[in-house]
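Below is the file coords.cif, which contains mmCIF, C-alpha atoms.
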```
data_protein
loop_
_atom_site.group_PDB
_atom_site.id
_atom_site.type_symbol
_atom_site.label_atom_id
_atom_site.label_comp_id
_atom_site.auth_asym_id
_atom_site.auth_seq_id
_atom_site.Cartn_x
_atom_site.Cartn_y
_atom_site.Cartn_z
ATOM 1 C CA MET A 275 7.643 -12.881 22.189
ATOM 2 C CA ILE A 276 9.430 -9.781 23.339
ATOM 3 C CA ALA A 277 11.943 -7.552 21.552
ATOM 4 C CA MET A 278 14.624 -5.605 23.344
ATOM 5 C CA GLN A 279 17.384 -3.165 22.504
ATOM 6 C CA TYR A 280 19.921 -1.149 24.401
ATOM 7 C CA ASN A 281 22.055 1.519 22.881
ATOM 8 C CA PHE A 282 25.481 2.926 23.653
ATOM 9 C CA SER A 283 26.358 6.264 22.059
ATOM 10 C CA LEU A 284 30.129 6.385 21.845
ATOM 11 C CA PRO A 285 32.394 9.437 21.453
ATOM 12 C CA ALA A 286 33.065 10.710 17.940
ATOM 13 C CA ASP A 287 36.736 9.715 18.212
ATOM 14 C CA TYR A 288 36.021 6.282 19.725
ATOM 15 C CA ASP A 289 37.944 3.467 18.051
ATOM 16 C CA MET A 290 35.066 1.350 16.736
ATOM 17 C CA ALA A 291 37.543 -1.475 16.057
ATOM 18 C CA ILE A 292 37.219 -2.150 19.812
ATOM 19 C CA ILE A 293 33.500 -2.833 19.333
ATOM 20 C CA ASP A 294 34.155 -4.912 16.208
ATOM 21 C CA ARG A 295 36.628 -7.046 18.175
ATOM 22 C CA ARG A 296 34.180 -7.398 21.075
ATOM 23 C CA ILE A 297 31.463 -8.579 18.670
ATOM 24 C CA ARG A 298 33.819 -11.018 16.953
ATOM 25 C CA ASP A 299 35.001 -12.469 20.291
ATOM 26 C CA LYS A 300 31.762 -12.464 22.277
ATOM 27 C CA GLY A 301 29.097 -12.787 19.567
ATOM 28 C CA PRO A 302 29.325 -16.563 19.161
ATOM 29 C CA LEU A 303 28.806 -17.000 22.934
ATOM 30 C CA LEU A 304 25.066 -16.387 22.458
ATOM 31 C CA ASP A 305 24.666 -18.720 19.476
ATOM 32 C CA ASN A 306 22.101 -21.380 20.441
ATOM 33 C CA LEU A 307 21.123 -19.530 23.647
ATOM 34 C CA PRO A 308 17.871 -21.063 24.942
ATOM 35 C CA GLY A 309 14.876 -18.800 24.430
ATOM 36 C CA LEU A 310 16.609 -16.466 21.954
ATOM 37 C CA LYS A 311 15.021 -16.171 18.496
ATOM 38 C CA PHE A 312 17.950 -13.975 17.453
ATOM 39 C CA LYS A 313 20.378 -11.318 18.589
ATOM 40 C CA ALA A 314 21.720 -8.873 16.029
ATOM 41 C CA TYR A 315 24.999 -7.253 17.089
ATOM 42 C CA LEU A 316 24.563 -3.799 15.576
ATOM 43 C CA THR A 317 26.915 -0.873 15.041
ATOM 44 C CA ALA A 318 26.731 2.444 13.268
ATOM 45 C CA ARG A 319 29.643 4.745 12.585
ATOM 46 C CA ARG A 320 29.516 8.492 12.574
ATOM 47 C CA GLY A 321 29.770 9.746 9.009
ATOM 48 C CA ASP A 322 29.312 6.317 7.416
ATOM 49 C CA ALA A 323 27.444 6.661 4.121
ATOM 50 C CA VAL A 324 25.614 3.324 4.536
ATOM 51 C CA THR A 325 24.179 3.957 7.998
ATOM 52 C CA ALA A 326 23.966 7.760 7.662
ATOM 53 C CA SER A 327 24.600 7.893 11.408
ATOM 54 C CA ARG A 328 25.379 11.099 13.258
ATOM 55 C CA GLU A 329 27.151 9.191 16.017
ATOM 56 C CA ASN A 330 29.055 6.015 16.813
ATOM 57 C CA LEU A 331 26.651 3.408 18.172
ATOM 58 C CA TYR A 332 26.717 -0.077 19.612
ATOM 59 C CA ALA A 333 23.078 -1.159 19.798
ATOM 60 C CA PRO A 334 22.285 -4.903 19.968
ATOM 61 C CA PHE A 335 18.711 -5.920 19.124
ATOM 62 C CA TYR A 336 17.177 -9.116 20.539
ATOM 63 C CA VAL A 337 13.994 -11.082 19.970
ATOM 64 C CA TRP A 338 13.178 -13.494 22.795
ATOM 65 C CA GLN A 339 10.704 -16.362 22.524
ATOM 66 C CA GLU A 340 9.504 -15.603 26.081
ATOM 67 C CA GLU A 341 10.185 -12.895 28.634
ATOM 68 C CA GLU A 342 11.985 -15.432 30.868
ATOM 69 C CA GLY A 343 14.899 -15.508 28.391
ATOM 70 C CA LEU A 344 15.184 -11.721 28.560
ATOM 71 C CA SER A 345 15.053 -11.802 32.361
ATOM 72 C CA ASP A 346 17.678 -14.560 32.582
ATOM 73 C CA PHE A 347 19.979 -12.620 30.253
ATOM 74 C CA ILE A 348 19.588 -9.262 32.056
ATOM 75 C CA CYS A 349 20.310 -10.963 35.397
ATOM 76 C CA GLY A 350 23.200 -13.010 34.001
ATOM 77 C CA PRO A 351 26.934 -12.634 33.460
ATOM 78 C CA GLY A 352 26.735 -11.444 29.838
ATOM 79 C CA PHE A 353 24.767 -8.340 30.734
ATOM 80 C CA VAL A 354 26.965 -7.760 33.775
ATOM 81 C CA ALA A 355 30.007 -7.717 31.466
ATOM 82 C CA VAL A 356 28.353 -5.178 29.118
ATOM 83 C CA SER A 357 27.337 -3.008 32.075
ATOM 84 C CA GLU A 358 30.835 -3.128 33.549
ATOM 85 C CA SER A 359 32.360 -2.095 30.213
ATOM 86 C CA PHE A 360 29.927 0.658 29.195
ATOM 87 C CA GLY A 361 27.638 1.375 32.172
ATOM 88 C CA ARG A 362 24.180 -0.068 32.737
ATOM 89 C CA PRO A 363 22.059 0.975 29.777
ATOM 90 C CA GLN A 364 18.405 1.807 29.579
ATOM 91 C CA VAL A 365 16.780 -1.232 27.938
ATOM 92 C CA SER A 366 13.870 -0.667 25.582
ATOM 93 C CA THR A 367 11.371 -3.515 25.292
ATOM 94 C CA TRP A 368 8.440 -4.107 22.983
ATOM 95 C CA ILE A 369 5.744 -6.782 22.890
ATOM 96 C CA VAL A 370 6.030 -8.508 19.527
ATOM 97 C CA TRP A 371 3.067 -8.459 17.185
ATOM 98 C CA ARG A 372 4.866 -10.249 14.352
ATOM 99 C CA ALA A 373 8.370 -11.713 13.947
ATOM 100 C CA ASP A 374 9.103 -13.291 10.594
ATOM 101 C CA THR A 375 12.474 -14.562 9.434
ATOM 102 C CA SER A 376 13.540 -15.923 6.084
ATOM 103 C CA SER A 377 15.603 -19.041 5.546
ATOM 104 C CA ASP A 378 18.450 -16.742 4.395
ATOM 105 C CA ILE A 379 18.598 -14.804 7.691
ATOM 106 C CA ARG A 380 22.285 -15.669 8.102
ATOM 107 C CA SER A 381 22.979 -13.405 5.094
ATOM 108 C CA ALA A 382 21.999 -10.291 7.068
ATOM 109 C CA ARG A 383 24.638 -7.555 6.873
ATOM 110 C CA PHE A 384 22.505 -4.491 7.608
ATOM 111 C CA ALA A 385 19.523 -3.544 9.754
ATOM 112 C CA THR A 386 17.052 -0.724 10.176
ATOM 113 C CA ARG A 387 15.054 0.270 13.223
ATOM 114 C CA GLU A 388 12.228 2.757 13.229
ATOM 115 C CA VAL A 389 10.391 3.758 16.401
ATOM 116 C CA VAL A 390 7.029 5.396 15.714
ATOM 117 C CA ALA A 391 4.555 7.014 18.089
ATOM 118 C CA ILE A 392 1.154 5.331 18.181
ATOM 119 C CA GLU A 393 -1.387 8.088 17.823
ATOM 120 C CA PRO A 394 -4.043 8.428 20.537
ATOM 121 C CA HIS A 395 -7.351 6.768 19.755
ATOM 122 C CA VAL A 396 -5.987 4.758 16.820
ATOM 123 C CA PRO A 397 -7.807 1.409 16.676
ATOM 124 C CA LEU A 398 -5.075 -0.885 17.996
ATOM 125 C CA ALA A 399 -6.469 -4.073 16.451
ATOM 126 C CA GLU A 400 -6.433 -2.432 13.011
ATOM 127 C CA LEU A 401 -2.937 -1.045 13.540
ATOM 128 C CA ARG A 402 -1.708 -4.445 14.673
ATOM 129 C CA GLN A 403 -3.149 -6.088 11.556
ATOM 130 C CA GLN A 404 -1.731 -3.450 9.180
ATOM 131 C CA GLU A 405 1.742 -3.563 10.725
ATOM 132 C CA SER A 406 1.758 -7.369 10.907
ATOM 133 C CA ASP A 407 0.734 -7.609 7.260
ATOM 134 C CA ALA A 408 3.487 -5.158 6.260
ATOM 135 C CA ALA A 409 6.078 -7.147 8.223
ATOM 136 C CA SER A 410 4.999 -10.361 6.526
ATOM 137 C CA VAL A 411 5.052 -8.794 3.064
ATOM 138 C CA ALA A 412 8.625 -7.553 3.614
ATOM 139 C CA ILE A 413 9.712 -11.190 3.974
ATOM 140 C CA SER A 414 7.547 -12.642 1.201
ATOM 141 C CA LEU A 415 8.782 -10.052 -1.321
ATOM 142 C CA GLY A 416 12.391 -10.634 -0.318
ATOM 143 C CA ASN A 417 12.788 -7.070 0.956
ATOM 144 C CA ALA A 418 13.997 -8.262 4.369
ATOM 145 C CA LEU A 419 15.613 -11.318 5.949
ATOM 146 C CA ALA A 420 13.834 -10.658 9.243
ATOM 147 C CA SER A 421 10.899 -8.368 9.827
ATOM 148 C CA ILE A 422 9.722 -7.527 13.322
ATOM 149 C CA VAL A 423 6.925 -5.247 14.439
ATOM 150 C CA ALA A 424 6.254 -4.746 18.124
ATOM 151 C CA PHE A 425 4.707 -2.205 20.488
ATOM 152 C CA GLU A 426 5.068 -0.893 24.004
ATOM 153 C CA PRO A 427 2.084 0.545 25.860
ATOM 154 C CA THR A 428 3.915 2.787 28.348
ATOM 155 C CA HIS A 429 4.817 5.533 25.878
ATOM 156 C CA TRP A 430 2.661 4.064 23.079
ATOM 157 C CA THR A 431 5.289 3.429 20.453
ATOM 158 C CA LEU A 432 5.855 0.700 17.934
ATOM 159 C CA VAL A 433 9.119 -0.514 16.482
ATOM 160 C CA ARG A 434 9.726 -1.723 12.948
ATOM 161 C CA PHE A 435 12.945 -3.703 12.731
ATOM 162 C CA ARG A 436 14.381 -5.283 9.587
ATOM 163 C CA LEU A 437 17.469 -7.356 8.863
ATOM 164 C CA LEU A 438 18.757 -6.895 5.317
ATOM 165 C CA ALA A 439 21.326 -8.390 2.965
ATOM 166 C CA GLU A 440 21.852 -5.123 1.062
ATOM 167 C CA PRO A 441 22.412 -1.557 2.313
ATOM 168 C CA PRO A 442 19.101 0.055 3.240
ATOM 169 C CA ALA A 443 17.658 2.649 0.881
ATOM 170 C CA GLU A 444 15.791 4.358 3.731
ATOM 171 C CA ALA A 445 18.869 4.954 5.945
ATOM 172 C CA SER A 446 18.633 8.718 5.575
ATOM 173 C CA ARG A 447 14.850 8.875 6.143
ATOM 174 C CA PRO A 448 13.976 10.771 9.349
ATOM 175 C CA GLY A 449 13.260 8.416 12.241
ATOM 176 C CA VAL A 450 15.100 5.457 10.727
ATOM 177 C CA GLN A 451 18.379 4.303 12.243
ATOM 178 C CA ALA A 452 20.439 2.035 10.012
ATOM 179 C CA TYR A 453 23.111 -0.326 11.304
ATOM 180 C CA ASN A 454 25.780 -2.737 10.210
ATOM 181 C CA VAL A 455 25.330 -6.300 11.498
ATOM 182 C CA GLY A 456 28.564 -7.592 13.030
ATOM 183 C CA HIS A 457 27.214 -10.982 14.104
ATOM 184 C CA LEU A 458 23.867 -12.723 14.307
ATOM 185 C CA SER A 459 23.239 -15.196 17.130
ATOM 186 C CA LEU A 460 20.610 -17.765 16.201
ATOM 187 C CA PRO A 461 19.379 -21.155 17.322
ATOM 188 C CA SER A 462 21.137 -23.966 15.475
ATOM 189 C CA ALA A 463 17.947 -24.842 13.537
ATOM 190 C CA SER A 464 17.738 -21.350 11.902
#
```

Structure rendered as structure tokens:
Amino acid sequence: MIAMQYNFSLPADYDMAIIDRRIRDKGPLLDNLPGLKFKAYLTARRGDAVTASRENLYAPFYVWQEEEGLSDFICGPGFVAVSESFGRPQVSTWIVWRADTSSDIRSARFATREVVAIEPHVPLAELRQQESDAASVAISLGNALASIVAFEPTHWTLVRFRLLAEPPAEASRPGVQAYNVGHLSLPSAS
């Protein structure tokens, strides 16, 4: 599995209703997309107490079953439309260590994403096990509706991504970006 996210920082006076409308109109187009585990259509608004964001953001987060799905999407008409509207974004990708979802995933209204540097010389197998265990526990305790941990070995970072039903308590913690979920595209069986 592979996780991916691109991010558009929008001007402080940008009418975020435009993004909300885009999500409402285009979000369902990716429901049941082959190879997609899920796509969370994420926004954050400057000054919003829930997301504690310093800027307006549109930042979809995807988890693909295989890299072919990501490649097909990036080369396809949906990504062309996004690029034509906002410019071609830099796309971050991570190799998934663990991707758990609960049966209530459709109840997700919020998300958090934390990108953390992997320290040099840390035993990667141990880190993978610790992070995977933590992701699994978040689901089993009901603290998250989806819990993803993944890494990328170019800059040696890992990402912790959670989908939540309730506003996140850690939204103001340094390094954590909180979002509102406008739509969640899932396979029909989820």

So that I can see what lies close to Thr325 of chain A, please list as an MDAnalysis selection string the residues with an atom at most 12 Å from it, counting only C-alpha atoms and leaving out residues fewer than 3 positions away in the same chain. chainID A and resid 316:322 328:331 383:387 440:447 450:455

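Minimum atom-to-atom distances from A:Leu284, A:Val433, A:Leu310, A:Ala382 to Gly361 of chain A were compared using all atoms listed in the file, and the lowest value belongs to A:Leu284.
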
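Taking all atoms listed in the file, the non-local environment of Trp371 of chain A within 8 Å (same-chain residues fewer than 3 positions away omitted) comprises Arg402, Ser406, Ile422, Val423, Ala424 and Phe425 of chain A.
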
Selection result of the PyMOL selection byres ((chain A and resi 338) around 9) on this file, as number ranges by chain: A: 275-278, 309-313, 336-337, 339-344

Report, in Å with one decimal, the straight-line distance from atom CA of Thr367 of chain A to atom CA of Ser414 of chain A. 26.0 Å

On this file, the PyMOL selection byres ((chain A and resi 333) around 7) gives some set of residues; write that set as a list in words. Gln279, Tyr280, Asn281, Phe282, Tyr315, Leu316, Thr317, Leu331, Tyr332, Pro334 and Phe335 of chain A

Find the residues near Pro302 of chain A: any atom within 8 Å, counting all atoms listed in the file, skip ones fewer than 4 places away on the same chain, and give them as a ChimeraX atom specification. /A:298,457,459

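Atom pair atom CA of Val389 of chain A / atom CA of Gln364 of chain A has a distance of 15.5 Å (rounded to one decimal).
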
I'd like the neighbourhood of Asp374 of chain A as a compact mmCIF listing (two decimals) with C-alpha atoms, keeping the file's coordinate frame, where a residue qualifies if any of its atoms comes within 8 Å (using only C-alpha atoms), though same-chain residues fewer than 4 positions away should be ignored.
```txt
# COMPACT_ATOMS: atom_id res chain seq x y z
CA ALA A 409 6.08 -7.15 8.22
CA SER A 410 5.00 -10.36 6.53
CA ILE A 413 9.71 -11.19 3.97
CA ALA A 420 13.83 -10.66 9.24
CA SER A 421 10.90 -8.37 9.83
CA ILE A 422 9.72 -7.53 13.32
```

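Atom CA of Phe435 of chain A is found 6.5 Å from atom CA of Glu388 of chain A.
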
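Between Pro394 of chain A and the candidates A:Cys349, A:Ala355, A:His429, A:Asp289, the tightest atom-to-atom separation, counting all atoms listed in the file, involves A:His429.
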
Enclose all atoms of segment 436-443 of chain A listed in the file in an axis-aligned box, grow every side by 4 Å, and hand back centre and edge lengths in Å to one decimal, as lines of an AutoDock Vina configuration file.
```
center_x = 18.4
center_y = -2.9
center_z = 5.2
size_x = 16.0
size_y = 19.0
size_z = 16.7
```

Find the residues near Leu419 of chain A: any atom within 8 Å, counting all atoms listed in the file, skip ones fewer than 4 places away on the same chain, and give them as a ChimeraX atom specification. /A:375-379,381-382,413,436-439

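Using all atoms listed in the file for every distance, the candidate list A:Ser366, A:Asn306, A:Ser345, A:Thr431 yields A:Thr431 as the residue closest to Ala391 of chain A.
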